[in-house]
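Here's protein15.cif, which has mmCIF, C-alpha atoms:
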```cif
data_protein
#
loop_
_atom_site.label_atom_id
_atom_site.label_comp_id
_atom_site.auth_asym_id
_atom_site.auth_seq_id
_atom_site.Cartn_x
_atom_site.Cartn_y
_atom_site.Cartn_z
CA MET A 1 -10.96 -1.72 9.99
CA THR A 2 -12.52 0.73 12.33
CA THR A 3 -10.54 0.68 15.55
CA THR A 4 -7.01 1.79 16.29
CA ALA A 5 -6.19 -1.76 17.39
CA GLU A 6 -7.35 -3.18 14.05
CA ARG A 7 -5.26 -0.65 12.14
CA LYS A 8 -2.16 -1.41 14.23
CA LEU A 9 -2.71 -5.13 13.63
CA TRP A 10 -2.69 -4.49 9.86
CA THR A 11 0.86 -3.06 10.07
CA LEU A 12 1.95 -5.72 12.53
CA CYS A 13 0.84 -8.51 10.16
CA TYR A 14 3.19 -7.19 7.47
CA GLN A 15 6.00 -6.69 9.99
CA ARG A 16 5.68 -10.29 11.18
CA VAL A 17 6.32 -11.47 7.62
CA VAL A 18 9.87 -10.08 7.64
CA GLY A 19 10.56 -10.61 11.35
CA SER A 20 11.73 -8.30 14.10
CA ALA A 21 15.24 -7.86 12.66
CA ARG A 22 13.84 -5.96 9.66
CA SER A 23 10.88 -4.12 11.20
CA GLU A 24 10.49 -1.06 13.44
CA LEU A 25 14.03 0.08 12.65
CA ARG A 26 15.21 3.35 14.19
CA SER A 27 17.28 5.85 12.24
CA HIS A 28 18.49 9.44 12.52
CA GLY A 29 19.41 9.12 16.16
CA GLY A 30 16.16 7.34 17.02
CA ARG A 31 13.98 10.19 15.77
CA ARG A 32 12.69 8.25 12.74
CA ARG A 33 11.23 4.80 12.53
CA LEU A 34 11.04 2.58 9.47
CA ASP A 35 8.19 0.06 9.43
CA VAL A 36 9.84 -2.61 7.25
CA TRP A 37 13.15 -3.07 5.46
CA GLY A 38 12.54 -5.26 2.38
CA ARG A 39 15.02 -7.95 1.39
CA ASP A 40 16.00 -5.96 -1.74
CA GLY A 41 16.68 -2.81 0.33
CA THR A 42 13.30 -1.17 -0.27
CA LYS A 43 12.14 0.87 2.71
CA LEU A 44 8.43 0.32 3.37
CA GLU A 45 6.23 2.68 5.34
CA PHE A 46 2.76 1.32 6.18
CA GLN A 47 0.11 3.98 6.64
CA GLN A 48 -3.32 3.05 7.99
CA SER A 49 -4.92 6.46 7.89
CA LYS A 50 -4.48 9.87 6.43
CA ASP A 51 -1.33 11.66 7.52
CA SER A 52 -0.33 15.27 7.00
CA VAL A 53 1.51 16.18 3.81
CA PRO A 54 4.37 17.88 5.73
CA ASN A 55 4.87 14.78 7.90
CA THR A 56 4.82 12.55 4.81
CA HIS A 57 7.37 14.73 3.02
CA SER A 58 9.53 14.73 6.15
CA LYS A 59 9.53 10.91 6.17
CA GLU A 60 10.37 10.85 2.46
CA LEU A 61 13.31 13.21 2.98
CA SER A 62 14.65 11.24 5.93
CA HIS A 63 14.65 7.99 3.95
CA ALA A 64 16.18 9.72 0.90
CA THR A 65 15.72 6.95 -1.69
CA GLY A 66 14.12 3.54 -2.04
CA LEU A 67 10.93 4.36 -0.14
CA MET A 68 7.57 2.71 -0.83
CA TRP A 69 4.33 3.79 0.83
CA VAL A 70 1.77 1.05 1.49
CA PHE A 71 -1.59 2.61 2.33
CA CYS A 72 -4.42 0.63 3.87
CA ALA A 73 -7.36 1.33 1.57
CA ILE A 74 -9.36 -1.71 2.64
CA ASN A 75 -12.32 0.26 4.05
CA GLN A 76 -12.40 2.57 1.02
CA HIS A 77 -12.43 -0.38 -1.38
CA PHE A 78 -14.97 -2.38 0.61
CA SER A 79 -17.35 0.60 0.79
CA GLU A 80 -16.88 1.07 -2.99
CA ASP A 81 -15.37 4.55 -2.64
CA LEU A 82 -12.30 3.04 -4.32
CA THR A 83 -13.21 0.80 -7.24
CA ILE A 84 -11.46 -0.93 -10.09
CA THR A 85 -13.18 0.60 -13.12
CA SER A 86 -11.54 -1.48 -15.83
CA ARG A 87 -8.70 -3.88 -16.28
CA GLN A 88 -6.58 -5.48 -18.92
CA GLY A 89 -4.69 -8.39 -17.42
CA PRO A 90 -2.93 -7.15 -14.29
CA ARG A 91 -3.26 -3.47 -15.35
CA ALA A 92 -6.15 -1.70 -13.72
CA ASN A 93 -7.83 1.68 -13.87
CA PHE A 94 -9.38 2.92 -10.66
CA SER A 95 -11.68 5.61 -9.38
CA TRP A 96 -11.69 6.93 -5.81
CA GLY A 97 -14.48 9.11 -4.43
CA ARG A 98 -13.41 11.15 -1.39
CA PRO A 99 -9.73 10.32 -2.02
CA TRP A 100 -6.88 11.00 0.33
CA LYS A 101 -5.17 14.07 -1.08
CA LEU A 102 -2.01 12.84 0.60
CA ILE A 103 -1.57 10.16 -2.10
CA ALA A 104 -1.15 12.82 -4.78
CA ALA A 105 1.48 14.56 -2.64
CA CYS A 106 3.68 11.48 -2.24
CA ASN A 107 6.97 11.57 -4.08
CA ALA A 108 7.80 7.93 -3.32
CA HIS A 109 6.27 4.80 -4.78
CA VAL A 110 2.63 4.17 -3.66
CA VAL A 111 0.82 0.87 -3.14
CA LEU A 112 -2.80 0.60 -2.00
CA ASP A 113 -3.78 -2.48 0.01
CA LEU A 114 -7.32 -3.30 -1.12
CA GLY A 115 -7.69 -6.26 1.23
CA LEU A 116 -9.88 -9.18 0.23
CA SER A 117 -11.38 -7.46 -2.78
CA PRO A 118 -15.07 -8.09 -3.42
CA GLN A 119 -14.42 -7.15 -7.07
CA ILE A 120 -11.54 -9.56 -7.55
CA GLY A 121 -12.08 -12.28 -4.97
CA ASP A 122 -8.54 -12.30 -3.55
CA HIS A 123 -6.42 -10.14 -1.26
CA VAL A 124 -4.68 -7.77 -3.66
CA LEU A 125 -2.62 -4.61 -3.64
CA LEU A 126 -2.66 -1.94 -6.33
CA GLU A 127 0.75 -0.55 -7.23
CA VAL A 128 -0.15 2.95 -8.41
CA ASP A 129 1.74 4.38 -11.37
CA HIS A 130 -0.61 7.27 -12.16
CA PHE A 131 -2.81 9.24 -9.73
CA GLU A 132 -4.85 12.25 -10.79
CA LEU A 133 -6.70 14.26 -8.21
CA GLY A 134 -9.83 16.09 -9.32
CA ASP A 135 -12.67 17.83 -7.54
CA GLY A 136 -13.69 15.20 -4.96
CA LEU A 137 -12.60 12.32 -7.20
CA ALA A 138 -9.30 10.70 -8.03
CA THR A 139 -8.59 8.44 -10.96
CA GLY A 140 -5.52 6.51 -11.84
CA THR A 141 -3.86 3.40 -13.12
CA GLY A 142 -1.69 0.73 -11.64
CA VAL A 143 -0.68 -2.90 -11.52
CA LEU A 144 -2.47 -5.42 -9.31
CA ARG A 145 -0.26 -7.52 -7.03
CA ASP A 146 -1.16 -10.63 -5.07
CA ALA A 147 -0.81 -10.01 -1.31
CA GLN A 148 0.94 -13.32 -0.70
CA GLN A 149 3.44 -12.67 -3.50
CA PHE A 150 4.00 -9.17 -2.07
CA CYS A 151 4.87 -10.71 1.30
CA HIS A 152 7.28 -13.18 -0.34
CA TRP A 153 8.92 -10.26 -2.15
CA MET A 154 9.32 -8.30 1.11
CA ARG A 155 10.66 -11.25 3.08
CA ASP A 156 12.77 -13.16 0.55
CA GLY A 157 13.33 -10.81 -2.36
CA HIS A 158 11.45 -13.05 -4.78
CA PRO A 159 10.40 -11.29 -8.00
CA LEU A 160 7.05 -9.55 -7.67
CA PRO A 161 4.99 -10.70 -10.65
CA PRO A 162 1.80 -8.94 -11.72
CA TYR A 163 -1.40 -10.51 -10.42
CA SER A 164 -3.18 -12.72 -12.91
CA TRP A 165 -6.78 -13.35 -12.15
CA THR A 166 -10.08 -14.32 -13.63
CA PRO A 167 -13.22 -12.57 -12.35
CA ARG A 168 -15.35 -14.81 -10.18
CA ALA A 169 -18.75 -15.90 -11.40
CA ALA A 170 -21.62 -14.07 -9.73
#
```
Show the structure stored in the file as structure tokens.
Amino acid sequence: MTTTAERKLWTLCYQRVVGSARSELRSHGGRRRLDVWGRDGTKLEFQQSKDSVPNTHSKELSHATGLMWVFCAINQHFSEDLTITSRQGPRANFSWGRPWKLIAACNAHVVLDLGLSPQIGDHVLLEVDHFELGDGLATGTGVLRDAQQFCHWMRDGHPLPPYSWTPRAA
């Protein structure tokens, strides 16, 4: 995703899953906008590019609780800056060269959309539970989630199971 239009389409695709009644919601007198309201009450903010830490913290404070960040890391994963270094079932370790420092500053839940992963062979998201920022490199752990199951969870409130996968033959 290289153009602004492509990045906007990424957010719009997720918003279409839940419909217009639960996307682009205004709050705080119209000053704040929420990208998606999940069926279970989770507030989802979709971020296509790096944002400032103060702006991110401001959004987190305005939503108070129940916020989940979904970052588009498709380009970073495709270019192998962000790679799955090991896995055990749905649990995965990852390494990210030239990471977004913003991720480490987030207080809310973080999910990375890896897109159609060349490593895994499916469209997956990585729900980050540990993120450690070093000198030009980030490492961490998380749980892989199937993109289609993620959409069902957002729209209908279905349980969000861990992704189970078998590596594709080369």
Evaluate the PyMOL selection byres ((chain A and resi 14) around 12) against this structure - the residues, as a short mmCIF file (atom, residue, chain, number, x, y, z; two decimals) with C-alpha atoms, in the coordinates of the input, please.
```
data_model
loop_
_atom_site.label_atom_id
_atom_site.label_comp_id
_atom_site.auth_asym_id
_atom_site.auth_seq_id
_atom_site.Cartn_x
_atom_site.Cartn_y
_atom_site.Cartn_z
CA ARG A 7 -5.26 -0.65 12.14
CA LYS A 8 -2.16 -1.41 14.23
CA LEU A 9 -2.71 -5.13 13.63
CA TRP A 10 -2.69 -4.49 9.86
CA THR A 11 0.86 -3.06 10.07
CA LEU A 12 1.95 -5.72 12.53
CA CYS A 13 0.84 -8.51 10.16
CA GLN A 15 6.00 -6.69 9.99
CA ARG A 16 5.68 -10.29 11.18
CA VAL A 17 6.32 -11.47 7.62
CA VAL A 18 9.87 -10.08 7.64
CA GLY A 19 10.56 -10.61 11.35
CA SER A 20 11.73 -8.30 14.10
CA ARG A 22 13.84 -5.96 9.66
CA SER A 23 10.88 -4.12 11.20
CA GLU A 24 10.49 -1.06 13.44
CA ASP A 35 8.19 0.06 9.43
CA VAL A 36 9.84 -2.61 7.25
CA TRP A 37 13.15 -3.07 5.46
CA GLY A 38 12.54 -5.26 2.38
CA LEU A 44 8.43 0.32 3.37
CA GLU A 45 6.23 2.68 5.34
CA PHE A 46 2.76 1.32 6.18
CA GLN A 47 0.11 3.98 6.64
CA VAL A 70 1.77 1.05 1.49
CA CYS A 72 -4.42 0.63 3.87
CA ASP A 113 -3.78 -2.48 0.01
CA ALA A 147 -0.81 -10.01 -1.31
CA GLN A 148 0.94 -13.32 -0.70
CA PHE A 150 4.00 -9.17 -2.07
CA CYS A 151 4.87 -10.71 1.30
CA HIS A 152 7.28 -13.18 -0.34
CA TRP A 153 8.92 -10.26 -2.15
CA MET A 154 9.32 -8.30 1.11
CA ARG A 155 10.66 -11.25 3.08
#
```
Neighbour list for Val110 (chain A) as a ChimeraX atom specification, cut-off 7 Å, all atoms listed in the file, skip fewer than 5 positions in-chain: /A:68-70,127-128
Ground truth for the PyMOL selection byres ((chain A and resi 66) around 9), written as JSON, numbers by chain: {"A": [41, 42, 43, 44, 63, 64, 65, 67, 68, 108, 109]}
Determine the axis-aligned bounding box of all atoms of region 116-131 of chain A present in the file, pad each side by 4 Å, and express its centre and edge lengths in Å to one decimal place as lines of an AutoDock Vina configuration file.
```
center_x = -6.7
center_y = -1.5
center_z = -6.0
size_x = 24.8
size_y = 29.5
size_z = 20.4
```
Pick from A:Leu133, A:Leu82, A:Ile120, A:Leu25, whichever lies nearest to Ala105 (chain A) using only C-alpha atoms: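 Under the stated criterion, the closest residue is A:Leu133.
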Proximity to Ser79 (chain A) - best of A:Lys59, A:Arg98, A:Arg33, A:His130, only C-alpha atoms: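 Of A:Lys59, A:Arg98, A:Arg33, A:His130, the one nearest Ser79 (chain A), counting only C-alpha atoms, is A:Arg98.
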Two-atom distance - CA of Leu116 (chain A), CA of Phe78 (chain A) (Å):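 Separating CA of Leu116 (chain A) from CA of Phe78 (chain A) is a distance of 8.5 Å.
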Just want the 9 Å neighbourhood of Ser95 (chain A), counted on only C-alpha atoms, with same-chain residues fewer than 5 positions away dropped. Output as a short mmCIF file (atom, residue, chain, number, x, y, z; two decimals) with C-alpha atoms, in the coordinates of the input.
```
data_model
loop_
_atom_site.label_atom_id
_atom_site.label_comp_id
_atom_site.auth_asym_id
_atom_site.auth_seq_id
_atom_site.Cartn_x
_atom_site.Cartn_y
_atom_site.Cartn_z
CA ASP A 81 -15.37 4.55 -2.64
CA LEU A 82 -12.30 3.04 -4.32
CA THR A 83 -13.21 0.80 -7.24
CA ILE A 84 -11.46 -0.93 -10.09
CA THR A 85 -13.18 0.60 -13.12
CA LEU A 137 -12.60 12.32 -7.20
CA ALA A 138 -9.30 10.70 -8.03
CA THR A 139 -8.59 8.44 -10.96
CA GLY A 140 -5.52 6.51 -11.84
CA THR A 141 -3.86 3.40 -13.12
#
```
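We find CA of Gln149 (chain A) and CA of Leu125 (chain A) to be spaced 10.1 Å apart.
Pairwise distance (CA of Leu102 (chain A), CA of Gln76 (chain A)) equals 14.6 Å.
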Selected residue of minimal separation from Asp156 (chain A) among A:Lys101, A:Phe94, A:Asp129, A:Arg39, counting only C-alpha atoms: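 Of the candidates, the smallest distance to Asp156 (chain A) is held by A:Arg39.
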Nearest to Trp96 (chain A) by atom-to-atom distance, counting all atoms listed in the file, from A:Glu132, A:Asp122, A:Asp146, A:Asp40: A:Glu132
Result set, the PyMOL selection byres ((chain A and resi 161-164) around 9) on current file, as a count of residues only: 14
Nearest candidate to Pro118 (chain A) (options A:Glu6, A:Phe71, A:Cys106, A:Glu80; using all atoms listed in the file):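 Residue with the minimum atom-to-atom distance to Pro118 (chain A): A:Glu80.
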